[in-house]
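File shown: start_1.tsv. Contents: TSV, C-alpha atoms and all ligand atoms.
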chain	number	residue	atom	x	y	z
A	1019	MET	CA	0.00	0.00	0.00
A	1020	GLY	CA	1.39	3.49	-0.88
A	1021	LYS	CA	2.24	6.10	1.76
A	1022	ASN	CA	-0.47	8.68	2.52
A	1023	ILE	CA	0.12	12.42	2.68
A	1024	LEU	CA	0.77	12.35	6.46
A	1025	ASP	CA	3.41	9.62	6.11
A	1026	ASN	CA	5.15	11.69	3.42
A	1027	LEU	CA	4.98	14.83	5.57
A	1028	SER	CA	6.35	12.92	8.53
A	1029	LEU	CA	9.32	11.75	6.46
A	1030	LYS	CA	10.08	15.26	5.21
A	1031	LEU	CA	9.75	17.01	8.60
A	1032	GLY	CA	11.32	14.36	10.77
A	1033	ARG	CA	9.42	12.60	13.54
A	1034	ARG	CA	9.91	15.26	16.26
A	1035	ASN	CA	8.76	18.24	14.19
A	1036	PHE	CA	5.91	16.20	12.75
A	1037	LEU	CA	4.62	15.42	16.24
A	1038	LYS	CA	4.84	19.12	17.18
A	1039	LEU	CA	2.83	20.05	14.09
A	1040	ALA	CA	0.33	17.28	14.81
A	1041	SER	CA	-0.26	18.58	18.36
A	1042	VAL	CA	-0.87	22.13	17.06
A	1043	GLY	CA	-3.30	20.66	14.54
A	1044	ALA	CA	-5.08	18.70	17.27
A	1045	GLY	CA	-5.35	21.91	19.34
A	1046	ILE	CA	-6.89	23.79	16.44
A	1047	GLY	CA	-9.21	20.85	15.80
A	1048	ALA	CA	-10.30	20.73	19.44
A	1049	THR	CA	-10.87	24.51	19.50
A	1050	SER	CA	-13.00	24.38	16.37
A	1051	LEU	CA	-14.93	21.48	17.89
A	1052	PHE	CA	-15.75	23.62	20.95
A	1053	ALA	CA	-16.55	26.63	18.80
A	1054	SER	CA	-19.00	24.61	16.75
A	1055	ASN	CA	-20.66	23.07	19.83
A	1056	ASP	CA	-23.82	25.01	20.70
A	1057	LYS	CA	-23.65	23.78	24.32
A	1058	VAL	CA	-20.45	25.76	24.90
A	1059	ARG	CA	-20.39	29.50	24.49
A	1060	GLU	CA	-18.31	32.43	25.58
A	1061	ALA	CA	-19.21	33.85	28.99
A	1062	THR	CA	-20.99	37.19	28.82
A	1063	GLU	CA	-19.32	40.25	30.31
A	1064	GLU	CA	-21.84	40.12	33.15
A	1065	GLU	CA	-21.02	36.44	33.86
A	1066	VAL	CA	-17.31	37.16	33.89
A	1067	LYS	CA	-17.90	39.98	36.39
A	1068	ASN	CA	-20.19	37.86	38.56
A	1069	PRO	CA	-20.19	34.09	37.84
A	1070	PHE	CA	-22.38	33.39	40.89
A	1071	PRO	CA	-25.38	35.72	40.75
A	1072	GLY	CA	-27.25	36.20	44.01
A	1073	SER	CA	-24.30	34.92	46.10
A	1074	LYS	CA	-23.58	36.36	49.52
A	1075	LYS	CA	-20.22	36.97	51.19
A	1076	VAL	CA	-20.06	35.72	54.76
A	1077	LYS	CA	-17.29	36.52	57.23
A	1078	THR	CA	-16.05	33.39	58.95
A	1079	ILE	CA	-12.85	31.82	60.25
A	1080	CYS	CA	-10.65	28.91	59.23
A	1081	SER	CA	-11.33	26.02	61.59
A	1082	VAL	CA	-8.11	24.08	61.02
A	1083	CYS	CA	-6.15	25.49	63.95
A	1084	SER	CA	-6.65	27.76	66.90
A	1085	ALA	CA	-5.21	30.82	65.12
A	1086	GLY	CA	-8.65	31.35	63.60
A	1087	CYS	CA	-7.57	33.24	60.47
A	1088	GLY	CA	-10.25	35.21	58.68
A	1089	ILE	CA	-11.98	33.87	55.59
A	1090	ILE	CA	-14.66	35.36	53.40
A	1091	ALA	CA	-16.95	32.52	52.31
A	1092	GLU	CA	-19.13	33.16	49.27
A	1093	VAL	CA	-22.42	31.31	49.48
A	1094	GLN	CA	-25.01	30.78	46.74
A	1095	ASN	CA	-28.35	29.15	47.56
A	1096	GLY	CA	-26.92	27.81	50.81
A	1097	VAL	CA	-23.87	26.25	49.12
A	1098	TRP	CA	-20.32	27.44	49.76
A	1099	ILE	CA	-18.96	28.14	46.29
A	1100	ARG	CA	-15.88	30.33	46.66
A	1101	GLN	CA	-13.54	31.70	49.29
A	1102	ASP	CA	-11.31	34.69	49.69
A	1103	VAL	CA	-8.96	35.98	52.37
A	1104	ALA	CA	-10.42	38.42	54.86
A	1105	GLN	CA	-8.29	41.53	54.39
A	1106	GLU	CA	-9.62	43.28	57.48
A	1107	HIS	CA	-9.33	40.36	59.90
A	1108	PRO	CA	-7.51	41.48	63.10
A	1109	ILE	CA	-5.43	38.27	63.44
A	1110	SER	CA	-4.55	37.13	59.92
A	1111	GLN	CA	-4.68	40.61	58.34
A	1112	GLY	CA	-5.31	39.47	54.80
A	1113	SER	CA	-3.34	36.24	54.73
A	1114	HIS	CA	-3.52	32.65	55.83
A	1115	CYS	CA	-1.49	29.46	55.49
A	1116	CYS	CA	-1.86	26.82	52.78
A	1117	LYS	CA	-4.34	24.84	54.89
A	1118	GLY	CA	-6.61	27.83	55.22
A	1119	ILE	CA	-6.51	28.52	51.50
A	1120	ASP	CA	-7.99	25.06	50.89
A	1121	GLN	CA	-10.59	25.36	53.63
A	1122	ILE	CA	-13.41	25.22	51.07
A	1123	ASP	CA	-12.23	21.74	50.07
A	1124	LEU	CA	-13.44	20.45	53.41
A	1125	VAL	CA	-16.87	20.90	51.90
A	1126	LYS	CA	-16.34	20.61	48.15
A	1127	SER	CA	-13.52	18.11	47.66
A	1128	LYS	CA	-14.46	14.97	45.75
A	1129	GLN	CA	-11.97	13.12	47.96
A	1130	ARG	CA	-13.91	13.97	51.11
A	1131	VAL	CA	-14.82	10.86	53.10
A	1132	LYS	CA	-18.55	10.96	53.84
A	1133	TYR	CA	-19.12	7.53	55.42
A	1134	PRO	CA	-17.07	4.90	57.26
A	1135	LEU	CA	-14.71	2.78	55.18
A	1136	LYS	CA	-13.03	-0.45	56.19
A	1137	LYS	CA	-10.00	-1.93	54.46
A	1138	VAL	CA	-10.74	-5.56	53.65
A	1139	ALA	CA	-8.07	-7.59	51.83
A	1140	GLY	CA	-6.38	-4.35	50.71
A	1141	LYS	CA	-9.55	-2.71	49.42
A	1142	TRP	CA	-11.72	-0.03	51.02
A	1143	GLN	CA	-15.32	-1.09	51.60
A	1144	ARG	CA	-18.21	1.06	52.73
A	1145	ILE	CA	-19.67	-0.01	56.07
A	1146	SER	CA	-22.54	1.35	58.16
A	1147	TRP	CA	-21.98	3.73	61.05
A	1148	GLU	CA	-23.38	1.08	63.39
A	1149	THR	CA	-20.88	-1.55	62.19
A	1150	ALA	CA	-18.01	0.93	62.43
A	1151	ILE	CA	-18.91	2.00	65.97
A	1152	ASN	CA	-19.43	-1.59	67.12
A	1153	GLU	CA	-16.20	-2.91	65.60
A	1154	ILE	CA	-14.07	-0.04	66.86
A	1155	SER	CA	-15.53	-0.12	70.37
A	1156	GLU	CA	-15.09	-3.92	70.61
A	1157	LYS	CA	-11.42	-3.59	69.65
A	1158	MET	CA	-10.87	-0.72	72.06
A	1159	LEU	CA	-12.44	-2.60	74.97
A	1160	LYS	CA	-10.36	-5.68	74.18
A	1161	LEU	CA	-7.14	-3.61	74.22
A	1162	ARG	CA	-8.17	-1.91	77.46
A	1163	LYS	CA	-8.88	-5.25	79.11
A	1164	GLU	CA	-5.55	-6.72	78.00
A	1165	SER	CA	-3.25	-3.72	78.67
A	1166	GLY	CA	-5.08	-1.18	80.84
A	1167	PRO	CA	-6.49	2.27	80.01
A	1168	ASP	CA	-3.09	3.87	79.27
A	1169	VAL	CA	-2.87	1.67	76.16
A	1170	ALA	CA	-4.70	4.44	74.33
A	1171	MET	CA	-3.75	8.01	73.42
A	1172	PHE	CA	-6.62	10.33	72.54
A	1173	LEU	CA	-5.64	12.95	69.99
A	1174	GLY	CA	-8.30	15.59	69.48
A	1175	SER	CA	-9.19	17.28	66.26
A	1176	ALA	CA	-8.69	20.92	65.40
A	1177	LYS	CA	-12.14	20.63	63.83
A	1178	PHE	CA	-13.70	20.13	67.26
A	1179	ASN	CA	-15.77	22.98	68.53
A	1180	LEU	CA	-15.83	23.80	72.23
A	1181	GLN	CA	-18.62	21.36	73.05
A	1182	GLN	CA	-17.03	18.51	71.10
A	1183	ALA	CA	-13.69	19.14	72.83
A	1184	PHE	CA	-15.50	19.02	76.20
A	1185	TYR	CA	-17.07	15.63	75.43
A	1186	PHE	CA	-13.79	14.30	74.03
A	1187	ARG	CA	-11.99	15.20	77.26
A	1188	LYS	CA	-14.78	13.60	79.32
A	1189	PHE	CA	-14.59	10.47	77.19
A	1190	ALA	CA	-10.83	10.07	77.83
A	1191	ALA	CA	-11.38	10.63	81.57
A	1192	MET	CA	-14.12	8.00	81.67
A	1193	TRP	CA	-11.89	5.65	79.74
A	1194	GLY	CA	-9.41	6.18	82.56
A	1195	THR	CA	-6.36	7.90	81.04
A	1196	ASN	CA	-4.72	11.29	80.96
A	1197	ASN	CA	-3.21	10.48	77.57
A	1198	ILE	CA	-5.04	13.21	75.73
A	1199	ASP	CA	-3.95	16.16	73.66
A	1200	HIS	CA	-5.18	18.50	70.98
A	1201	VAL	CA	-3.94	18.09	67.43
A	1202	ALA	CA	-3.02	21.74	66.99
A	1203	ARG	CA	-0.19	21.67	69.53
A	1204	ILE	CA	1.32	24.97	68.47
B	1	LIG	S1	-4.72	26.46	59.63
B	1	LIG	FE1	-3.64	28.19	58.73
B	1	LIG	S2	-5.24	29.49	57.88
B	1	LIG	FE2	-6.24	28.08	59.27
B	1	LIG	S3	-6.36	29.17	61.21
B	1	LIG	FE3	-4.47	27.95	61.24
B	1	LIG	S4	-2.86	29.35	60.50
B	1	LIG	FE4	-4.84	30.23	59.94

Now, as a test, write the supplied structure out as structure tokens.
Amino acid sequence: MGKNILDNLSLKLGRRNFLKLASVGAGIGATSLFASNDKVREATEEEVKNPFPGSKKVKTICSVCSAGCGIIAEVQNGVWIRQDVAQEHPISQGSHCCKGIDQIDLVKSKQRVKYPLKKVAGKWQRISWETAINEISEKMLKLRKESGPDVAMFLGSAKFNLQQAFYFRKFAAMWGTNNIDHVARI
């Protein structure tokens, strides 16, 4: 079978340059595909200025550590859709760390775990809350019986609010240990 026009072009240009040309061609092809698709259109000037009409800006704080840096959360129809730094905040004064910048991902991230998972034979399986609580508590009680209450260390979460921290502390005391700390030990 004879060589087609692309084979001939490839021979003349050399493989590397041919591939470069091919990728430019693919880009142009993809762009024309979008341009000709009536489901995709250019954003209007109004949409560029305000992509979330009717949204509200709410002053809040990052909950990752006790510094409590300021965040402006933009909310549309009850859903957190965008965040910005709070320039006027008395503590963070218009900045925050990399964890605070991603604070919105605690709500929006596709990787967020929303139910208990158990690793079975190397694979994560979804289990019910009841199963998770029963299995974990059975294991904890077994360990406590075998090795005493100091077998456990309770490490709190910076996500705990005041009331949750109170119950967490009570839980460790009832368990019978002073091995308890807060995760944000700064
Ligand atoms: S985690 Fe970072 S952004 Fe959040 S409160 Fe602490 S220092 Fe501020």

From the options A:Ser1073, A:Ser1127, A:Gln1121, A:Ser1155, which residue's atoms come nearest to ligand LIG 1 (chain B), counting all atoms listed in the file?
A:Gln1121

Provide an axis-aligned box for all listed atoms of ligand LIG 1 (chain B), padding each side by 4 Å; report its centre and its edge lengths in Å to one decimal, as lines of an AutoDock Vina configuration file.
center_x = -4.6
center_y = 28.3
center_z = 59.6
size_x = 11.5
size_y = 11.8
size_z = 11.4

Residues contacting ligand LIG 1 (chain B) - anything with an atom at most 7 Å away, using only C-alpha atoms and all ligand atoms - can you give me those as number ranges by chain?
A: 1080-1087, 1110, 1114-1119

Computed gap from atom CA of A:Gln1129 to atom CA of A:Thr1149 is 22.3 Å

Just the number, please: distance in Å from atom CA of A:Lys1074 to atom CA of A:Glu1092, one decimal.
5.5 Å
